[in-house]
Every structure is written in structure tokens, then in C-alpha cells.
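Engineer: Just so it is clear, I am handing over query.cif, which has mmCIF, C-alpha atoms and all ligand atoms.
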data_work
#
loop_
_atom_site.group_PDB
_atom_site.id
_atom_site.type_symbol
_atom_site.label_atom_id
_atom_site.label_comp_id
_atom_site.auth_asym_id
_atom_site.auth_seq_id
_atom_site.Cartn_x
_atom_site.Cartn_y
_atom_site.Cartn_z
ATOM 1 C CA ALA A 1 43.485 20.143 26.559
ATOM 2 C CA GLN A 2 43.590 18.958 22.967
ATOM 3 C CA ASP A 3 40.752 17.940 20.699
ATOM 4 C CA LYS A 4 40.552 14.608 18.861
ATOM 5 C CA ARG A 5 43.018 15.504 16.117
ATOM 6 C CA GLY A 6 45.514 16.583 18.706
ATOM 7 C CA ASP A 7 46.696 19.673 16.847
ATOM 8 C CA VAL A 8 44.076 22.278 17.743
ATOM 9 C CA PRO A 9 43.846 23.072 21.455
ATOM 10 C CA ILE A 10 40.382 23.487 22.957
ATOM 11 C CA GLY A 11 39.534 27.159 22.627
ATOM 12 C CA PRO A 12 37.559 29.571 20.473
ATOM 13 C CA GLY A 13 36.689 28.522 16.919
ATOM 14 C CA ARG A 14 39.101 30.199 14.509
ATOM 15 C CA LEU A 15 39.799 30.099 10.795
ATOM 16 C CA ALA A 16 43.411 29.793 9.645
ATOM 17 C CA ASP A 17 43.499 33.589 9.187
ATOM 18 C CA GLY A 18 42.449 34.146 12.813
ATOM 19 C CA THR A 19 38.792 35.050 12.116
ATOM 20 C CA HIS A 20 36.734 34.119 15.175
ATOM 21 C CA ILE A 21 33.799 31.801 14.438
ATOM 22 C CA PRO A 22 32.200 31.041 17.822
ATOM 23 C CA LEU A 23 31.409 27.348 18.318
ATOM 24 C CA LEU A 24 28.270 26.934 20.395
ATOM 25 C CA ALA A 25 26.310 24.002 21.776
ATOM 26 C CA ASN A 26 22.853 22.703 20.903
ATOM 27 C CA LEU A 27 21.156 21.551 24.111
ATOM 28 C CA GLY A 28 17.767 20.027 24.882
ATOM 29 C CA SER A 29 18.092 20.013 28.666
ATOM 30 C CA VAL A 30 20.320 21.324 31.423
ATOM 31 C CA ASP A 31 21.884 17.851 31.701
ATOM 32 C CA GLY A 32 24.077 18.581 28.708
ATOM 33 C CA ILE A 33 25.765 21.648 30.235
ATOM 34 C CA GLU A 34 28.812 19.827 31.572
ATOM 35 C CA LYS A 35 29.587 18.067 28.285
ATOM 36 C CA ALA A 36 29.220 21.323 26.391
ATOM 37 C CA VAL A 37 31.621 23.141 28.713
ATOM 38 C CA GLU A 38 34.107 20.254 28.515
ATOM 39 C CA ALA A 39 33.994 20.370 24.711
ATOM 40 C CA GLY A 40 34.907 24.052 24.886
ATOM 41 C CA ALA A 41 31.536 25.394 23.719
ATOM 42 C CA GLU A 42 31.681 29.193 23.730
ATOM 43 C CA GLY A 43 28.072 29.321 24.843
ATOM 44 C CA VAL A 44 24.761 27.873 23.702
ATOM 45 C CA GLY A 45 23.500 28.481 20.170
ATOM 46 C CA LEU A 46 20.229 26.577 20.500
ATOM 47 C CA PHE A 47 18.424 25.597 23.676
ATOM 48 C CA ARG A 48 15.385 23.571 22.574
ATOM 49 C CA THR A 49 12.922 24.480 25.335
ATOM 50 C CA GLU A 50 10.119 22.270 23.994
ATOM 51 C CA PHE A 51 12.205 19.214 24.952
ATOM 52 C CA LEU A 52 11.746 20.211 28.620
ATOM 53 C CA PHE A 53 7.993 19.818 28.395
ATOM 54 C CA LEU A 54 7.313 16.972 25.931
ATOM 55 C CA ASP A 55 5.410 15.003 28.588
ATOM 56 C CA ALA A 56 3.559 17.942 30.142
ATOM 57 C CA THR A 57 -0.214 17.874 29.814
ATOM 58 C CA SER A 58 -0.666 21.534 30.712
ATOM 59 C CA ALA A 59 1.410 24.636 30.040
ATOM 60 C CA PRO A 60 4.423 24.890 32.391
ATOM 61 C CA SER A 61 4.263 27.591 35.048
ATOM 62 C CA VAL A 62 6.592 30.585 35.099
ATOM 63 C CA ALA A 63 8.196 29.135 38.251
ATOM 64 C CA ALA A 64 8.846 25.715 36.670
ATOM 65 C CA GLN A 65 10.396 27.351 33.636
ATOM 66 C CA TYR A 66 12.426 29.813 35.683
ATOM 67 C CA ALA A 67 14.065 26.903 37.555
ATOM 68 C CA GLN A 68 15.296 25.379 34.287
ATOM 69 C CA TYR A 69 16.422 28.614 32.622
ATOM 70 C CA SER A 70 18.206 29.695 35.770
ATOM 71 C CA LYS A 71 20.269 26.476 35.792
ATOM 72 C CA LEU A 72 21.034 26.901 32.110
ATOM 73 C CA LEU A 73 22.184 30.529 32.363
ATOM 74 C CA ARG A 74 24.254 29.873 35.497
ATOM 75 C CA GLY A 75 26.073 27.157 33.560
ATOM 76 C CA PHE A 76 27.459 29.741 31.124
ATOM 77 C CA PRO A 77 28.614 32.777 33.087
ATOM 78 C CA GLY A 78 29.549 35.665 30.806
ATOM 79 C CA LYS A 79 28.662 33.607 27.729
ATOM 80 C CA LYS A 80 26.045 33.903 25.030
ATOM 81 C CA VAL A 81 23.015 31.631 25.501
ATOM 82 C CA VAL A 82 20.434 31.474 22.718
ATOM 83 C CA VAL A 83 17.108 30.128 23.929
ATOM 84 C CA ARG A 84 14.431 29.178 21.450
ATOM 85 C CA ALA A 85 10.812 29.879 22.341
ATOM 86 C CA LEU A 86 8.740 26.677 22.427
ATOM 87 C CA ASP A 87 8.871 25.050 18.998
ATOM 88 C CA ALA A 88 5.831 22.819 19.260
ATOM 89 C CA GLY A 89 4.392 20.801 16.429
ATOM 90 C CA ALA A 90 5.170 18.203 13.754
ATOM 91 C CA ASP A 91 8.178 16.196 15.005
ATOM 92 C CA LYS A 92 7.790 17.553 18.564
ATOM 93 C CA PRO A 93 4.143 18.093 19.475
ATOM 94 C CA LEU A 94 3.176 19.523 22.868
ATOM 95 C CA SER A 95 -0.315 18.559 23.986
ATOM 96 C CA PHE A 96 -0.973 22.010 25.454
ATOM 97 C CA LEU A 97 -0.006 23.828 22.244
ATOM 98 C CA ASN A 98 -0.895 21.610 19.291
ATOM 99 C CA ASP A 99 -4.072 20.274 17.788
ATOM 100 C CA ALA A 100 -3.321 16.606 17.108
ATOM 101 C CA LYS A 101 -5.897 16.474 14.326
ATOM 102 C CA GLU A 102 -3.927 18.333 11.634
ATOM 103 C CA GLU A 103 -3.317 16.317 8.468
ATOM 104 C CA ASN A 104 0.000 18.033 7.669
ATOM 105 C CA PRO A 105 1.443 19.113 11.016
ATOM 106 C CA ALA A 106 4.746 20.241 9.486
ATOM 107 C CA LEU A 107 2.712 22.819 7.560
ATOM 108 C CA GLY A 108 0.303 23.558 10.371
ATOM 109 C CA LEU A 109 -0.105 25.684 13.454
ATOM 110 C CA ARG A 110 3.386 25.049 14.782
ATOM 111 C CA GLY A 111 6.319 27.014 16.179
ATOM 112 C CA LEU A 112 5.642 30.722 16.420
ATOM 113 C CA ARG A 113 2.225 30.253 14.804
ATOM 114 C CA ALA A 114 1.083 28.078 17.710
ATOM 115 C CA LEU A 115 2.534 30.537 20.233
ATOM 116 C CA ARG A 116 0.617 33.423 18.682
ATOM 117 C CA ALA A 117 -2.583 31.417 18.975
ATOM 118 C CA THR A 118 -1.836 30.930 22.701
ATOM 119 C CA GLU A 119 -0.029 34.172 23.474
ATOM 120 C CA GLN A 120 -0.081 33.787 27.253
ATOM 121 C CA ILE A 121 2.145 30.702 27.009
ATOM 122 C CA LEU A 122 4.773 32.738 25.159
ATOM 123 C CA ARG A 123 4.409 35.643 27.605
ATOM 124 C CA ASP A 124 5.001 33.262 30.521
ATOM 125 C CA GLN A 125 8.061 31.792 28.864
ATOM 126 C CA LEU A 126 9.582 35.187 28.149
ATOM 127 C CA THR A 127 8.791 36.334 31.700
ATOM 128 C CA ALA A 128 10.573 33.280 33.146
ATOM 129 C CA LEU A 129 13.581 33.973 30.927
ATOM 130 C CA VAL A 130 13.800 37.647 31.919
ATOM 131 C CA ARG A 131 13.615 36.678 35.576
ATOM 132 C CA ALA A 132 16.353 34.045 35.221
ATOM 133 C CA GLU A 133 18.605 36.398 33.277
ATOM 134 C CA SER A 134 18.324 39.182 35.844
ATOM 135 C CA GLU A 135 20.198 37.004 38.359
ATOM 136 C CA THR A 136 23.090 35.934 36.118
ATOM 137 C CA ASP A 137 25.629 37.585 33.856
ATOM 138 C CA ALA A 138 24.979 35.242 30.924
ATOM 139 C CA ASP A 139 24.169 37.044 27.677
ATOM 140 C CA LEU A 140 20.630 35.852 26.908
ATOM 141 C CA TRP A 141 19.373 35.887 23.329
ATOM 142 C CA VAL A 142 15.871 34.608 22.544
ATOM 143 C CA MET A 143 14.601 33.478 19.158
ATOM 144 C CA ALA A 144 11.316 32.512 17.569
ATOM 145 C CA PRO A 145 10.998 29.213 15.651
ATOM 146 C CA MET A 146 9.311 28.724 12.263
ATOM 147 C CA VAL A 147 9.114 32.361 11.239
ATOM 148 C CA SER A 148 7.857 32.728 7.673
ATOM 149 C CA THR A 149 7.067 36.442 7.279
ATOM 150 C CA ALA A 150 8.512 39.856 8.198
ATOM 151 C CA GLU A 151 5.298 40.615 10.060
ATOM 152 C CA GLU A 152 5.918 37.627 12.358
ATOM 153 C CA THR A 153 9.413 38.925 13.145
ATOM 154 C CA THR A 154 8.036 42.339 14.053
ATOM 155 C CA TRP A 155 5.327 40.814 16.231
ATOM 156 C CA PHE A 156 7.746 38.556 18.127
ATOM 157 C CA VAL A 157 10.512 41.109 18.609
ATOM 158 C CA ASN A 158 8.061 43.752 19.866
ATOM 159 C CA LEU A 159 6.533 41.359 22.381
ATOM 160 C CA ALA A 160 9.923 40.048 23.560
ATOM 161 C CA ASN A 161 11.284 43.570 23.994
ATOM 162 C CA GLU A 162 8.128 44.668 25.837
ATOM 163 C CA ILE A 163 8.604 41.829 28.335
ATOM 164 C CA GLY A 164 12.290 42.707 28.851
ATOM 165 C CA ILE A 165 14.250 40.503 26.423
ATOM 166 C CA LYS A 166 17.022 42.728 25.085
ATOM 167 C CA THR A 167 18.219 40.536 22.192
ATOM 168 C CA ALA A 168 15.350 39.005 20.226
ATOM 169 C CA GLY A 169 15.859 37.263 16.911
ATOM 170 C CA ILE A 170 14.451 34.622 14.644
ATOM 171 C CA MET A 171 15.179 31.208 13.235
ATOM 172 C CA VAL A 172 15.340 31.023 9.473
ATOM 173 C CA GLU A 173 14.083 27.549 8.607
ATOM 174 C CA VAL A 174 11.266 28.298 6.176
ATOM 175 C CA PRO A 175 12.247 29.144 2.571
ATOM 176 C CA SER A 176 10.074 32.297 2.499
ATOM 177 C CA ALA A 177 12.078 33.760 5.395
ATOM 178 C CA ALA A 178 15.352 33.047 3.595
ATOM 179 C CA ILE A 179 14.170 34.395 0.229
ATOM 180 C CA LEU A 180 13.068 37.683 1.816
ATOM 181 C CA ALA A 181 15.787 37.683 4.493
ATOM 182 C CA ASP A 182 16.550 41.389 3.944
ATOM 183 C CA ARG A 183 12.987 42.177 5.059
ATOM 184 C CA VAL A 184 12.375 39.336 7.504
ATOM 185 C CA LEU A 185 15.567 40.254 9.415
ATOM 186 C CA ARG A 186 14.916 43.988 9.552
ATOM 187 C CA ASP A 187 13.467 43.990 13.075
ATOM 188 C CA ALA A 188 15.449 41.009 14.371
ATOM 189 C CA ALA A 189 18.677 41.387 16.358
ATOM 190 C CA PHE A 190 20.034 38.185 14.796
ATOM 191 C CA ALA A 191 19.196 35.158 12.679
ATOM 192 C CA SER A 192 19.874 31.495 13.327
ATOM 193 C CA ILE A 193 19.435 29.148 10.395
ATOM 194 C CA GLY A 194 17.786 25.815 11.174
ATOM 195 C CA THR A 195 19.100 23.665 8.357
ATOM 196 C CA ASN A 196 17.014 20.619 9.341
ATOM 197 C CA ASP A 197 13.697 22.283 8.629
ATOM 198 C CA LEU A 198 15.096 24.523 5.907
ATOM 199 C CA THR A 199 16.135 21.369 4.035
ATOM 200 C CA GLN A 200 12.798 19.656 4.702
ATOM 201 C CA TYR A 201 10.814 22.604 3.336
ATOM 202 C CA THR A 202 13.127 23.422 0.432
ATOM 203 C CA LEU A 203 13.149 19.853 -0.909
ATOM 204 C CA ALA A 204 9.515 19.244 0.160
ATOM 205 C CA ALA A 205 10.518 16.008 1.894
ATOM 206 C CA ASP A 206 9.234 15.109 5.361
ATOM 207 C CA ARG A 207 12.295 14.926 7.641
ATOM 208 C CA LEU A 208 10.722 12.041 9.576
ATOM 209 C CA LEU A 209 9.930 9.857 6.573
ATOM 210 C CA GLY A 210 12.500 7.172 5.775
ATOM 211 C CA THR A 211 11.319 6.739 2.179
ATOM 212 C CA VAL A 212 12.353 10.312 1.303
ATOM 213 C CA SER A 213 15.347 10.602 3.629
ATOM 214 C CA SER A 214 17.786 10.893 0.717
ATOM 215 C CA PHE A 215 16.316 14.369 0.044
ATOM 216 C CA GLN A 216 17.164 15.509 3.590
ATOM 217 C CA ASP A 217 20.680 16.630 2.692
ATOM 218 C CA PRO A 218 21.751 20.179 3.608
ATOM 219 C CA TRP A 219 24.542 20.028 1.013
ATOM 220 C CA HIS A 220 21.863 20.506 -1.652
ATOM 221 C CA PRO A 221 22.730 23.666 -3.619
ATOM 222 C CA ALA A 222 19.103 24.841 -3.346
ATOM 223 C CA VAL A 223 19.490 24.890 0.440
ATOM 224 C CA LEU A 224 22.936 26.490 0.219
ATOM 225 C CA THR A 225 21.554 29.185 -2.111
ATOM 226 C CA LEU A 226 18.975 30.130 0.526
ATOM 227 C CA ILE A 227 21.641 30.165 3.240
ATOM 228 C CA ALA A 228 23.761 32.471 1.071
ATOM 229 C CA GLU A 229 20.772 34.816 0.776
ATOM 230 C CA VAL A 230 20.491 34.991 4.568
ATOM 231 C CA GLY A 231 24.258 35.494 4.881
ATOM 232 C CA ARG A 232 24.109 38.408 2.441
ATOM 233 C CA ALA A 233 21.153 40.019 4.218
ATOM 234 C CA GLY A 234 22.805 39.601 7.624
ATOM 235 C CA ALA A 235 26.029 41.212 6.409
ATOM 236 C CA ALA A 236 24.155 44.106 4.758
ATOM 237 C CA LEU A 237 22.125 44.756 7.909
ATOM 238 C CA GLY A 238 25.025 44.128 10.306
ATOM 239 C CA LYS A 239 23.212 41.243 12.037
ATOM 240 C CA PRO A 240 24.829 37.986 13.180
ATOM 241 C CA VAL A 241 23.793 34.879 11.248
ATOM 242 C CA GLY A 242 24.295 31.615 13.132
ATOM 243 C CA ILE A 243 23.654 28.074 12.009
ATOM 244 C CA CYS A 244 22.019 25.691 14.482
ATOM 245 C CA GLY A 245 20.866 22.760 12.331
ATOM 246 C CA GLU A 246 22.735 19.489 11.919
ATOM 247 C CA ALA A 247 24.651 20.915 8.957
ATOM 248 C CA ALA A 248 26.952 22.805 11.333
ATOM 249 C CA ALA A 249 28.178 19.482 12.764
ATOM 250 C CA ASP A 250 29.586 18.309 9.409
ATOM 251 C CA PRO A 251 33.151 19.708 9.462
ATOM 252 C CA LEU A 252 33.512 20.332 5.737
ATOM 253 C CA LEU A 253 29.998 21.723 5.384
ATOM 254 C CA ALA A 254 30.736 23.975 8.367
ATOM 255 C CA VAL A 255 33.546 25.559 6.335
ATOM 256 C CA VAL A 256 31.172 26.037 3.390
ATOM 257 C CA LEU A 257 28.577 27.631 5.704
ATOM 258 C CA VAL A 258 31.174 30.126 6.932
ATOM 259 C CA GLY A 259 31.943 30.861 3.281
ATOM 260 C CA LEU A 260 28.223 31.547 2.773
ATOM 261 C CA GLY A 261 28.235 34.114 5.574
ATOM 262 C CA ALA A 262 27.601 32.219 8.826
ATOM 263 C CA THR A 263 29.129 34.130 11.744
ATOM 264 C CA SER A 264 28.751 31.343 14.360
ATOM 265 C CA LEU A 265 28.027 27.610 14.380
ATOM 266 C CA SER A 266 26.006 25.657 16.920
ATOM 267 C CA MET A 267 26.003 21.877 17.154
ATOM 268 C CA SER A 268 25.826 18.917 19.457
ATOM 269 C CA PRO A 269 28.800 19.192 21.859
ATOM 270 C CA SER A 270 30.345 15.959 20.559
ATOM 271 C CA ALA A 271 30.865 17.562 17.125
ATOM 272 C CA ILE A 272 32.672 20.689 18.330
ATOM 273 C CA GLY A 273 36.206 19.224 18.350
ATOM 274 C CA ASP A 274 36.137 18.054 14.733
ATOM 275 C CA VAL A 275 34.557 21.281 13.473
ATOM 276 C CA ARG A 276 37.130 23.368 15.361
ATOM 277 C CA ALA A 277 39.945 21.336 13.788
ATOM 278 C CA GLU A 278 38.547 21.697 10.262
ATOM 279 C CA LEU A 279 37.919 25.462 10.511
ATOM 280 C CA ALA A 280 41.516 25.963 11.630
ATOM 281 C CA GLN A 281 42.721 24.665 8.264
ATOM 282 C CA HIS A 282 40.953 27.206 6.054
ATOM 283 C CA THR A 283 41.004 30.965 5.582
ATOM 284 C CA ARG A 284 37.833 32.952 5.000
ATOM 285 C CA GLU A 285 38.838 33.434 1.385
ATOM 286 C CA GLU A 286 39.197 29.699 0.939
ATOM 287 C CA ALA A 287 35.852 29.072 2.650
ATOM 288 C CA GLN A 288 34.252 31.481 0.191
ATOM 289 C CA ARG A 289 35.870 29.721 -2.735
ATOM 290 C CA LEU A 290 34.640 26.345 -1.499
ATOM 291 C CA ALA A 291 31.155 27.798 -0.979
ATOM 292 C CA ALA A 292 31.133 29.004 -4.589
ATOM 293 C CA GLU A 293 32.041 25.478 -5.740
ATOM 294 C CA ALA A 294 29.181 23.983 -3.715
ATOM 295 C CA LEU A 295 26.664 26.577 -4.944
ATOM 296 C CA GLY A 296 27.527 25.780 -8.549
ATOM 297 C CA ALA A 297 26.810 22.045 -8.263
ATOM 298 C CA ASP A 298 23.507 20.513 -9.318
ATOM 299 C CA SER A 299 23.007 18.067 -6.441
ATOM 300 C CA ALA A 300 24.014 17.490 -2.838
ATOM 301 C CA LYS A 301 26.405 14.774 -3.940
ATOM 302 C CA GLY A 302 27.826 17.043 -6.619
ATOM 303 C CA ALA A 303 28.374 19.827 -4.069
ATOM 304 C CA ARG A 304 30.273 17.494 -1.741
ATOM 305 C CA GLU A 305 32.408 16.205 -4.580
ATOM 306 C CA ALA A 306 33.124 19.671 -5.933
ATOM 307 C CA VAL A 307 34.332 20.859 -2.530
ATOM 308 C CA ARG A 308 36.495 17.765 -1.996
ATOM 309 C CA ALA A 309 37.976 18.101 -5.480
ATOM 310 C CA ALA A 310 38.771 21.789 -4.914
ATOM 311 C CA LEU A 311 40.509 20.904 -1.654
ATOM 312 C CA ALA A 312 42.511 18.108 -3.246
ATOM 313 C CA LEU A 313 43.671 20.503 -5.955
ATOM 314 C CA HIS A 314 44.964 23.048 -3.462
ATOM 315 C CA ASN A 315 46.590 20.645 -1.000
HETATM 316 C C1 LIG B 1 16.357 22.974 12.519
HETATM 317 O O1 LIG B 1 15.228 22.887 12.037
HETATM 318 O O2 LIG B 1 17.399 22.901 11.840
HETATM 319 C C2 LIG B 1 16.547 23.193 13.959
HETATM 320 C C3 LIG B 1 17.721 23.521 14.450
HETATM 321 O O3 LIG B 1 15.482 23.000 14.761
HETATM 322 P P1 LIG B 1 14.859 21.556 15.076
HETATM 323 O O4 LIG B 1 15.788 20.519 14.531
HETATM 324 O O5 LIG B 1 14.702 21.503 16.529
HETATM 325 O O6 LIG B 1 13.568 21.640 14.340
HETATM 326 MG MG MG B 2 13.489 23.419 13.187
#
Please express what this file holds, its structure, as C-alpha cells.
Structural biologist:
Amino acid sequence: AQDKRGDVPIGPGRLADGTHIPLLANLGSVDGIEKAVEAGAEGVGLFRTEFLFLDATSAPSVAAQYAQYSKLLRGFPGKKVVVRALDAGADKPLSFLNDAKEENPALGLRGLRALRATEQILRDQLTALVRAESETDADLWVMAPMVSTAEETTWFVNLANEIGIKTAGIMVEVPSAAILADRVLRDAAFASIGTNDLTQYTLAADRLLGTVSSFQDPWHPAVLTLIAEVGRAGAALGKPVGICGEAAADPLLAVVLVGLGATSLSMSPSAIGDVRAELAQHTREEAQRLAAEALGADSAKGAREAVRAALALHN
């Protein structure tokens, strides 16, 4: 099978120098499994579990969750599957986890904060995941959303390990977690950067608000600088650093992200072919050079232009 450009066969994501950059799928339900497999996804980099329960009025049972996770893990035998603990709040409120009366829900009791306030819901979710994993040979990784402090990492990883999750990590999508990545990652097995929220919080622009949507651009050098910080910390600590926000689906930005230290990329299955084709055209050294160009710009537009100009010069 060939991807859209016809010159890169469906297979593992690779740079021109052979470096393996796994290309993973973002999924919000088990319905997307087939498309992800067809696109050649090497596993799942973000399974958004809150999407399963958006209409639920009470917390889902362990049995109801187990049924979903079991289907998911069976869809990817022998592959890595990264499941995110319920990320409730702001753009995706869950009635059983969130208080609808907050004035600034994006800055409120959301993500891991909401789970800590209702610990049994998280315990049930982790229990369902452990049970589903025990019957498959998928490689289950579980991560916490909206982590902002090292203490939160420690709390989540300890609880996940206690319940039987072997690989527990965190999402980096709050600037504080990126700035102190060397400390926030210490107890985590891995990091996955959520560029949608990281951009929202870095530029202080609500990702749902049309009037400020021009700020929601992950090419912004302020966002890239934070990603570089996480890449550096991950490399120093020997921990994988994935990207699971929309940024990974932009082929040229995907190359820049690899240059900043991303070790895997997760995206909607429809984007995998184009990203695979673009990665195949650049070496790691070139990706790093392009990343340096983007970091040195003073705007998102400037970063895009600098990278395109550098490419035009070399080709
Ligand atoms: C992100 O914030 O980039 C992310 C991947 O999570 P979500 O879009 O679900 O908030
Ligand atoms: Mg997010």
C-alpha cells in the first residue's frame, strides 16, 4: 500500500536517516480503530476517554469502561496504546466530574484536578484499564491530563502503579509543567505534549473563542520554546516525549517538533500519510536546523516563513 504521495509505502514513520519516529493515532472512540489501522498507525498515542462519556449523567461503572478499553486494546495487538485518564472540564465538561458554575472553566477544577477531587472515579477507570490489559498483549500506557506541578505527577504515578498500571505518564499542556519539565517528569514514565492546550495557556487565548483564534497557533516560538524545554528534559532523563495535539498533524511542523526532541507523533488517522511522507524527506540534523530557525522567529507566521525559506535554500 502507498500513501497519498505515492512514494512512501505505508509503514513505520522514519526520517531520511532511518530514525524511527512512531506515528500513532488520536482516537475518541473505538469506532476509529479500523481507520487508524488502515492508515498504518503504529498504535494509539491519545485515546480521549472523556469522549466515551460526554452524555453520561453518572460516573461510568468499571464494567462499562472495561468493555470499551477491552475493544480498544484488542484492536492493537502487540502495539502501544496510550489512554488518557478522563480529561473533564472546559471544552469537554462531564456532568459527574465538573461544577458547571465556574467562571473560568479552562482555569478551574478540570483534568487531573477534578479526578483528585473525586478519586474513586479515577480508581475505577484505572481498575477497568488494568483488567482490560490483562487479557491482551497490547502495551498499555496511561497518562494524566492537565498536570501543572511535579507533586501532581508523583500523586498520579503512585496511584496508577498501586492499581497495576505499569507505564504511567503525564500530558504536558500547561506552561508550568513545560518550564519545570526536568522536575515534573521525574516520576513519570513518559510525557505527551498537548499542543492545543499548551498553545491556549501560553498565549492566554481561549481555544474555543473565535475572536482570539488567530492566537491559537502552535507555530508560535513561545510554544516551541516550551516544547524544546520538554524535549531537553525528556532526553536528559531518558523518557519518551510524544506530541498528541493538532500540531503533530501539520507535516512541516511535525518535522520541527522532531527537531525539538519529540520521539513520537500522534494525530488523527487521516493525517498520518502526509506526515509520514514529510518526515521521510528530512534527516534528524535537518529537523534540528529547521527547529532552530523556528525558535528564532518572533511570531508564528515568522516561524513558518523561516522554515520554508530554509527549506527552499537547501533544495
Ligand atoms: C491538547 O490539549 O493538545 C490535547 C491533545 O488534548 P485535548 O485537545 O483533548 O485537550
Ligand atoms: Mg488538552
Engineer: Please find the residues contacting ligand MG 2 (chain B) at a distance of at most 7 Å between atoms, with only C-alpha atoms and all ligand atoms counted, and report them as a count of residues only.
Structural biologist: 6
Engineer: Where does the PyMOL selection byres (((not hetatm)) within 10 of (chain B and resi 1)) land in this file, that is, which residues does it pick, as a PyMOL selection string?
Structural biologist: chain A and resi 26-28+45-51+84+86-92+111+145-146+171-174+192-201+207+218+243-248+266-267
Engineer: Name the closest residue to Arg183 of chain A among the candidates A:Asp250, A:Glu229, A:Asp274, A:Glu34; distances are taken between atoms, counting all atoms listed in the file.
Structural biologist: A:Glu229
Engineer: What are the nearest atom pairs, with distances in Å to one decimal, for all residues of segment 165-227 of chain A that come at most 10 Å from segment 283-292 of chain A, using all atoms listed in the file, set out by chain and rising residue number as a Markdown table?
Structural biologist:
| residue | atom | partner | partner_atom | distance |
| --- | --- | --- | --- | --- |
| A:Pro221 | CA | A:Ala291 | CA | 9.7 |
| A:Leu224 | CA | A:Ala291 | CA | 8.4 |
| A:Thr225 | CA | A:Ala291 | CA | 9.8 |
Engineer: I'd like the interatomic distance between atom CA of Ala117 of chain A and atom CA of Ala100 of chain A, to a tenth of an Å.
Structural biologist: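 So the two atoms, atom CA of Ala117 of chain A and atom CA of Ala100 of chain A, lie 14.9 Å apart.
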Engineer: Between A:Thr202, A:Ala189, A:Leu253, A:Gly296, which one has atoms that come closest to Val241 of chain A, using all atoms listed in the file?
Structural biologist: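 Going through A:Thr202, A:Ala189, A:Leu253, A:Gly296 one by one, the smallest distance to Val241 of chain A is for A:Ala189.
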Engineer: Please provide as a list in words all residues within 8 Å of Val275 of chain A, with the sequence filter that same-chain residues fewer than 6 positions apart are discarded (counting all atoms listed in the file).
Structural biologist: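 That gives Ala249, Asp250, Pro251, Leu252 and Ala254 of chain A.
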Engineer: Could you tell me how far atom CA of Ala25 of chain A lies from atom CA of Val44 of chain A, in Å and to one decimal?
Structural biologist: 4.6 Å
Engineer: With distances taken over only C-alpha atoms, which residue among A:Asp17, A:Pro240, A:Arg110, A:Ile121 lies nearest Ala168 of chain A?
Structural biologist: A:Pro240
Engineer: For Arg232 of chain A, which residue out of A:Asp182, A:Asp217, A:Asp206, A:Asp31 is the nearest one, using only C-alpha atoms?
Structural biologist: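 Ranking A:Asp182, A:Asp217, A:Asp206, A:Asp31 by distance to Arg232 of chain A, first place goes to A:Asp182.
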Engineer: Enter the distance from atom CA of Trp155 of chain A to atom CA of Phe96 of chain A, in Å, rounded to one decimal.
Structural biologist: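 Distance reported for this atom pair: 21.9 Å.
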Engineer: Please write the residues picked by the PyMOL selection byres (((chain A and resi 60) around 12) and not hetatm) on this file as a PyMOL selection string.
Structural biologist: chain A and resi 49-50+52-59+61-68+86+94-97+120-125+128
Engineer: Edge lengths and centre in Å to one decimal, as lines of an AutoDock Vina configuration file, is what I'm after for the box along x, y and z that holds all listed atoms of segment 31-46 of chain A once 6 Å is added on each side.
Structural biologist:
center_x = 27.6
center_y = 23.6
center_z = 25.9
size_x = 26.7
size_y = 23.5
size_z = 23.5
Engineer: Just the residues within 9 Å of Ala16 of chain A, please, counting all atoms listed in the file, with nothing from its chain fewer than 3 positions along; format it as a list in words.
Structural biologist: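 Result of the neighbour search: Thr19, Leu279, Ala280, Gln281, His282, Thr283 and Arg284 of chain A.
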Engineer: Complete the atoms of segment 199-214 of chain A to N, CA and C atoms and put them out as a short mmCIF file (atom, residue, chain, number, x, y, z; two decimals), in the coordinates of the input.
Structural biologist:
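Saved the output as rebuild00.cif:
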data_model
loop_
_atom_site.label_atom_id
_atom_site.label_comp_id
_atom_site.auth_asym_id
_atom_site.auth_seq_id
_atom_site.Cartn_x
_atom_site.Cartn_y
_atom_site.Cartn_z
N THR A 199 15.96 22.41 5.06
CA THR A 199 16.14 21.37 4.04
C THR A 199 14.80 20.66 3.77
N GLN A 200 14.11 20.31 4.84
CA GLN A 200 12.80 19.66 4.70
C GLN A 200 11.85 20.47 3.81
N TYR A 201 11.78 21.78 4.07
CA TYR A 201 10.81 22.60 3.34
C TYR A 201 11.30 22.96 1.93
N THR A 202 12.61 23.07 1.76
CA THR A 202 13.13 23.42 0.43
C THR A 202 12.96 22.24 -0.53
N LEU A 203 13.26 21.04 -0.05
CA LEU A 203 13.15 19.85 -0.91
C LEU A 203 11.76 19.22 -0.82
N ALA A 204 10.87 19.79 0.00
CA ALA A 204 9.52 19.24 0.16
C ALA A 204 9.54 17.76 0.50
N ALA A 205 10.39 17.41 1.49
CA ALA A 205 10.52 16.01 1.89
C ALA A 205 10.47 15.93 3.42
N ASP A 206 9.45 15.27 3.93
CA ASP A 206 9.23 15.11 5.36
C ASP A 206 10.50 14.57 6.04
N ARG A 207 11.03 15.33 7.00
CA ARG A 207 12.30 14.93 7.64
C ARG A 207 12.16 13.66 8.49
N LEU A 208 10.93 13.24 8.76
CA LEU A 208 10.72 12.04 9.58
C LEU A 208 10.47 10.79 8.74
N LEU A 209 10.36 10.96 7.42
CA LEU A 209 9.93 9.86 6.57
C LEU A 209 11.12 9.17 5.90
N GLY A 210 11.35 7.92 6.28
CA GLY A 210 12.50 7.17 5.78
C GLY A 210 12.53 7.07 4.26
N THR A 211 11.36 6.94 3.63
CA THR A 211 11.32 6.74 2.18
C THR A 211 11.82 7.95 1.39
N VAL A 212 11.85 9.13 2.02
CA VAL A 212 12.35 10.31 1.30
C VAL A 212 13.59 10.89 1.99
N SER A 213 14.24 10.07 2.83
CA SER A 213 15.35 10.60 3.63
C SER A 213 16.55 11.03 2.77
N SER A 214 16.64 10.49 1.54
CA SER A 214 17.79 10.89 0.72
C SER A 214 17.68 12.37 0.31
#
